[in-house]
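Here is the file target_12.tsv (TSV, C-alpha atoms).
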chain	number	residue	atom	x	y	z
A	1	ASN	CA	1.56	9.02	24.04
A	2	THR	CA	0.98	9.32	27.78
A	3	GLU	CA	-2.04	10.13	29.87
A	4	SER	CA	-1.71	10.47	33.64
A	5	GLY	CA	1.75	8.95	33.30
A	6	VAL	CA	0.44	5.78	31.61
A	7	TYR	CA	1.77	4.83	28.20
A	8	THR	CA	-0.88	4.60	25.49
A	9	PRO	CA	0.20	2.67	22.37
A	10	PRO	CA	-0.32	4.36	18.99
A	11	THR	CA	-3.59	3.57	17.26
A	12	ARG	CA	-4.80	3.70	13.70
A	13	SER	CA	-6.36	7.08	14.42
A	14	ASN	CA	-3.24	8.83	15.79
A	15	SER	CA	-0.64	7.30	13.49
A	16	SER	CA	2.41	9.36	12.50
A	17	ASP	CA	2.90	7.10	9.47
A	18	PRO	CA	2.78	9.46	6.44
A	19	TRP	CA	1.35	6.66	4.29
A	20	HIS	CA	-1.25	5.60	6.82
A	21	HIS	CA	-4.15	6.55	4.52
A	22	LEU	CA	-3.02	4.46	1.54
A	23	PRO	CA	-4.67	1.19	0.52
A	24	ALA	CA	-2.70	-1.98	1.31
A	25	SER	CA	-0.98	-2.45	-2.05
A	26	GLU	CA	0.19	1.17	-2.26
A	27	TRP	CA	1.26	1.19	1.40
A	28	VAL	CA	3.38	-1.92	0.93
A	29	GLN	CA	4.95	-0.47	-2.22
A	30	LYS	CA	6.01	2.56	-0.17
A	31	GLN	CA	7.68	0.19	2.31
A	32	VAL	CA	9.41	-1.61	-0.55
A	33	ASP	CA	10.64	1.66	-2.08
A	34	TRP	CA	11.95	2.83	1.29
A	35	SER	CA	13.62	-0.54	1.92
A	36	ASN	CA	15.36	-0.48	-1.46
A	37	LYS	CA	16.88	2.93	-0.68
A	38	SER	CA	17.98	2.01	2.85
A	39	THR	CA	20.86	-0.01	4.24
A	40	PRO	CA	19.60	-3.39	5.53
A	41	SER	CA	19.31	-3.59	9.31
A	42	GLY	CA	21.77	-6.49	9.49
A	43	GLU	CA	24.41	-5.01	7.17
A	44	GLY	CA	26.88	-4.61	10.02
A	45	LEU	CA	26.81	-8.35	10.72
A	46	VAL	CA	28.26	-9.37	7.37
A	47	GLU	CA	31.86	-8.93	8.55
A	48	PRO	CA	31.66	-10.86	11.85
A	49	ILE	CA	29.62	-13.69	10.32
A	50	SER	CA	32.02	-13.91	7.36
A	51	LYS	CA	34.90	-14.35	9.80
A	52	LEU	CA	33.42	-17.54	11.27
A	53	THR	CA	35.67	-20.46	10.39
A	54	VAL	CA	32.82	-22.66	9.19
A	55	ARG	CA	32.64	-23.88	5.63
A	56	GLN	CA	28.86	-24.16	5.45
A	57	LEU	CA	27.00	-21.77	7.73
A	58	VAL	CA	23.55	-22.35	9.21
A	59	GLY	CA	21.66	-19.40	10.66
A	60	VAL	CA	18.31	-17.97	11.72
A	61	GLU	CA	16.79	-14.56	11.12
A	62	ILE	CA	13.80	-13.67	13.30
A	63	GLY	CA	11.70	-10.91	11.76
A	64	VAL	CA	12.01	-11.14	7.99
A	65	CYS	CA	9.58	-8.40	6.93
A	66	LEU	CA	10.35	-7.64	3.26
A	67	GLY	CA	13.45	-9.85	3.20
A	68	ALA	CA	16.00	-7.05	2.74
A	69	THR	CA	18.45	-8.23	5.40
A	70	THR	CA	17.92	-11.86	4.41
A	71	GLU	CA	18.81	-11.06	0.82
A	72	HIS	CA	21.81	-8.96	1.83
A	73	LEU	CA	23.30	-11.66	4.04
A	74	LEU	CA	22.85	-14.30	1.34
A	75	LYS	CA	24.46	-12.13	-1.33
A	76	GLN	CA	27.39	-11.05	0.83
A	77	ILE	CA	28.11	-14.37	2.58
A	78	PRO	CA	28.17	-17.09	-0.11
A	79	ASN	CA	28.97	-19.94	2.28
A	80	ILE	CA	25.58	-19.79	4.00
A	81	LYS	CA	24.19	-23.28	3.50
A	82	LYS	CA	20.86	-22.76	5.27
A	83	LEU	CA	19.07	-19.66	6.53
A	84	TYR	CA	15.81	-20.10	8.40
A	85	ALA	CA	13.62	-17.04	7.76
A	86	VAL	CA	11.26	-16.86	10.75
A	87	ASP	CA	8.26	-14.53	10.65
A	88	ASN	CA	4.58	-15.27	11.25
A	89	TYR	CA	3.58	-11.83	9.89
A	90	PRO	CA	1.12	-10.93	12.66
A	91	SER	CA	-1.29	-8.02	12.48
A	92	TYR	CA	-0.19	-5.22	14.84
A	93	ILE	CA	0.29	-1.47	15.31
A	94	ASP	CA	3.93	-0.40	15.21
A	95	TRP	CA	5.59	2.05	17.66
A	96	ASN	CA	4.77	5.02	15.39
A	97	GLY	CA	1.20	3.92	14.72
A	98	ALA	CA	1.99	2.18	11.42
A	99	ASP	CA	-0.84	-0.26	10.79
A	100	TYR	CA	0.47	-3.71	9.89
A	101	SER	CA	-2.97	-5.05	9.07
A	102	GLU	CA	-3.61	-8.62	7.99
A	103	GLU	CA	-3.96	-7.55	4.35
A	104	ARG	CA	-0.75	-5.53	4.40
A	105	GLN	CA	1.16	-8.30	6.12
A	106	GLU	CA	0.03	-10.85	3.53
A	107	LEU	CA	1.43	-8.60	0.81
A	108	MET	CA	4.69	-8.13	2.78
A	109	LYS	CA	4.97	-11.89	3.12
A	110	SER	CA	4.37	-12.39	-0.60
A	111	HIS	CA	7.00	-9.79	-1.49
A	112	ALA	CA	9.61	-11.44	0.74
A	113	PHE	CA	8.88	-14.84	-0.79
A	114	LYS	CA	9.34	-13.50	-4.34
A	115	ARG	CA	12.38	-11.43	-3.40
A	116	LEU	CA	14.15	-14.45	-1.96
A	117	SER	CA	13.11	-16.89	-4.69
A	118	PRO	CA	16.65	-16.94	-6.19
A	119	PHE	CA	17.82	-18.53	-2.93
A	120	ARG	CA	15.36	-21.41	-2.80
A	121	GLY	CA	17.09	-24.43	-1.34
A	122	ILE	CA	19.06	-22.16	1.00
A	123	VAL	CA	16.26	-20.09	2.54
A	124	GLU	CA	13.64	-21.99	4.49
A	125	PHE	CA	10.58	-19.89	5.35
A	126	CYS	CA	9.15	-20.54	8.80
A	127	TYR	CA	5.78	-18.93	9.43
A	128	ASP	CA	5.41	-20.10	13.04
A	129	PRO	CA	5.91	-17.77	16.02
A	130	SER	CA	9.59	-17.63	16.97
A	131	THR	CA	8.86	-19.29	20.32
A	132	GLU	CA	7.42	-22.32	18.51
A	133	PHE	CA	10.09	-22.55	15.83
A	134	ALA	CA	12.86	-22.56	18.44
A	135	LYS	CA	11.51	-25.88	19.72
A	136	THR	CA	12.24	-27.54	16.36
A	137	LEU	CA	15.99	-26.86	16.46
A	138	LYS	CA	18.70	-28.70	18.34
A	139	LYS	CA	20.92	-27.11	20.95
A	140	GLU	CA	24.10	-25.59	19.48
A	141	SER	CA	22.97	-26.25	15.91
A	142	LEU	CA	23.31	-22.66	14.60
A	143	ASP	CA	26.35	-20.68	13.55
A	144	PHE	CA	24.50	-17.37	13.89
A	145	VAL	CA	21.15	-15.89	14.83
A	146	PHE	CA	19.82	-12.39	14.11
A	147	ILE	CA	16.87	-11.37	16.32
A	148	ASP	CA	14.78	-8.59	14.80
A	149	GLY	CA	11.22	-9.60	15.69
A	150	ASP	CA	8.91	-8.31	18.39
A	151	HIS	CA	10.90	-5.59	20.22
A	152	SER	CA	8.79	-5.51	23.38
A	153	GLU	CA	10.72	-6.31	26.55
A	154	GLU	CA	9.13	-9.68	27.26
A	155	ALA	CA	9.06	-10.88	23.64
A	156	SER	CA	12.69	-9.97	22.99
A	157	TYR	CA	13.73	-11.50	26.31
A	158	ASN	CA	11.98	-14.74	25.35
A	159	ASP	CA	13.76	-14.78	21.99
A	160	PHE	CA	17.10	-14.28	23.74
A	161	CYS	CA	16.36	-17.13	26.13
A	162	ASN	CA	15.12	-19.45	23.39
A	163	TYR	CA	17.78	-18.88	20.77
A	164	TYR	CA	21.01	-18.34	22.69
A	165	PRO	CA	21.27	-22.06	23.59
A	166	LEU	CA	20.85	-22.92	19.90
A	167	VAL	CA	24.01	-21.04	18.89
A	168	LYS	CA	27.29	-22.95	18.79
A	169	HIS	CA	30.17	-21.86	20.99
A	170	GLY	CA	32.15	-19.39	18.91
A	171	GLY	CA	29.03	-18.48	16.92
A	172	ILE	CA	27.31	-15.11	16.51
A	173	PHE	CA	24.37	-14.13	18.73
A	174	ALA	CA	22.96	-10.89	17.31
A	175	GLY	CA	19.97	-8.61	17.12
A	176	HIS	CA	18.65	-5.22	16.10
A	177	ASP	CA	17.51	-1.93	17.65
A	178	ILE	CA	19.61	-1.99	20.79
A	179	VAL	CA	18.81	1.73	21.07
A	180	LEU	CA	15.23	0.87	22.02
A	181	SER	CA	14.90	0.86	25.81
A	182	ASP	CA	12.90	-2.39	25.91
A	183	VAL	CA	15.49	-4.24	23.83
A	184	GLU	CA	18.42	-2.90	25.85
A	185	LYS	CA	16.66	-3.68	29.11
A	186	SER	CA	15.82	-7.25	28.15
A	187	LEU	CA	19.31	-7.87	26.76
A	188	LYS	CA	20.91	-6.63	29.99
A	189	ARG	CA	18.49	-8.77	31.95
A	190	PHE	CA	19.42	-11.82	29.89
A	191	LEU	CA	23.19	-11.37	29.64
A	192	GLY	CA	23.93	-9.87	33.04
A	193	GLU	CA	27.61	-8.97	33.32
A	194	ASN	CA	28.21	-10.37	29.83
A	195	PHE	CA	26.34	-7.37	28.42
A	196	SER	CA	29.72	-5.59	28.42
A	197	LYS	CA	30.81	-7.99	25.66
A	198	VAL	CA	28.11	-6.78	23.26
A	199	ILE	CA	29.49	-5.07	20.15
A	200	THR	CA	27.34	-2.52	18.34
A	201	VAL	CA	27.58	-2.10	14.57
A	202	SER	CA	25.80	-0.03	11.92
A	203	ASN	CA	22.02	0.54	11.91
A	204	ASN	CA	21.71	-0.12	15.65
A	205	ALA	CA	22.50	-3.81	15.23
A	206	TRP	CA	24.55	-5.63	17.86
A	207	TYR	CA	26.27	-8.96	18.39
A	208	LEU	CA	28.47	-10.97	20.67
A	209	ILE	CA	30.50	-14.11	20.13
A	210	LYS	CA	29.17	-16.94	22.26
A	211	GLU	CA	31.91	-18.32	24.48
Written as C-alpha cells, that's how I'd like the structure from this file.
Amino acid sequence: NTESGVYTPPTRSNSSDPWHHLPASEWVQKQVDWSNKSTPSGEGLVEPISKLTVRQLVGVEIGVCLGATTEHLLKQIPNIKKLYAVDNYPSYIDWNGADYSEERQELMKSHAFKRLSPFRGIVEFCYDPSTEFAKTLKKESLDFVFIDGDHSEEASYNDFCNYYPLVKHGGIFAGHDIVLSDVEKSLKRFLGENFSKVITVSNNAWYLIKE
C-alpha cells in the first residue's frame, strides 16, 4: 500500500491472507496443506547440486519454514552428508499481510522438526539468525547454500555477503524469489558484472557456480 508515495507495509488489519482470521493451529494446517500440494521452492536446484562431483555434500538452507524444500533436497540427493537448516522463526508480517505471529511460528517450527525427523543425523537445526550462524562456519566449507530467508534488500544482501565466502570454488550459491525487486537489486549489488552468470530455474529460484 502507498500513501503520498510512501510504502506502507501490510498490517494485521489489512491482510490479503484468506486464512488470516483462523486460530494458530488451523492457520498452520492451511500452510501445511498448501505446501504439500505445491512444488518446493528449491526443486530446481536438485539437478545442479546433484551434478557436483563431491561424494558427501555439505550444505546450508536459510529459511526452513515448514521444511518442504529441506525434505525434497534430502530425498532427491542421497549423498548429502550434512544439511544445516537455519531459521530462527521470527514473528513478522509477510508481504501480503500474512501474520507470522510467535504462536504460529512455534507451530511451524514444530512441524518442520517432525517432518524432518527421518533425517536426524543429517539435518542440523540452527535456530540462530543467519548472520550469527554464518560466523560458526569456516570459509569454503560448504558445497551449496540456498538462501530463502528475509527477502528485504538489506537482509538478503547481508546473507549474500556472509555466505558466499563459505561456499567452495565450484560449489552452488543459490537463492529464491529473484523476481522480487529487493532480492534482484541486492543480488545485482553483490555480484556486480557476475550477475550475468546467474541461472534461473523453476519456482523463481536461481543459482550460480562459484568460480
Nearest residue to A:Ala68 from the set A:Leu187, A:Leu83, A:Ala112, A:Leu180 (distances using all atoms listed in the file)
A:Ala112
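For the choices A:Glu153, A:Glu61, A:Glu71, A:Asp143, the atom-to-atom distance to A:Asn36 is smallest for A:Glu71 when using all atoms listed in the file.
Compared by their closest atoms to A:Asn88, and using all atoms listed in the file, the residues A:Asn204, A:Thr131, A:Thr39, A:Ser186 rank with A:Thr131 nearest.
We find atom CA of A:Lys168 and atom CA of A:Val64 to be spaced 22.1 Å apart.
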Hey, which of A:Leu52, A:Met108, A:Leu74, A:Val60 ends up closest to A:Val28? Count all atoms listed in the file.
A:Met108
With 4 Å on each side, where is the centre of the axis-aligned box around all listed atoms of stretch 69-76 of chain A, and how long are its edges in Å to one decimal, as lines of an AutoDock Vina configuration file?
center_x = 22.7
center_y = -11.3
center_z = 2.0
size_x = 17.5
size_y = 14.1
size_z = 14.7
Point-to-point distance in Å for atom CA of A:Leu66 and atom CA of A:Phe119
14.6 Å
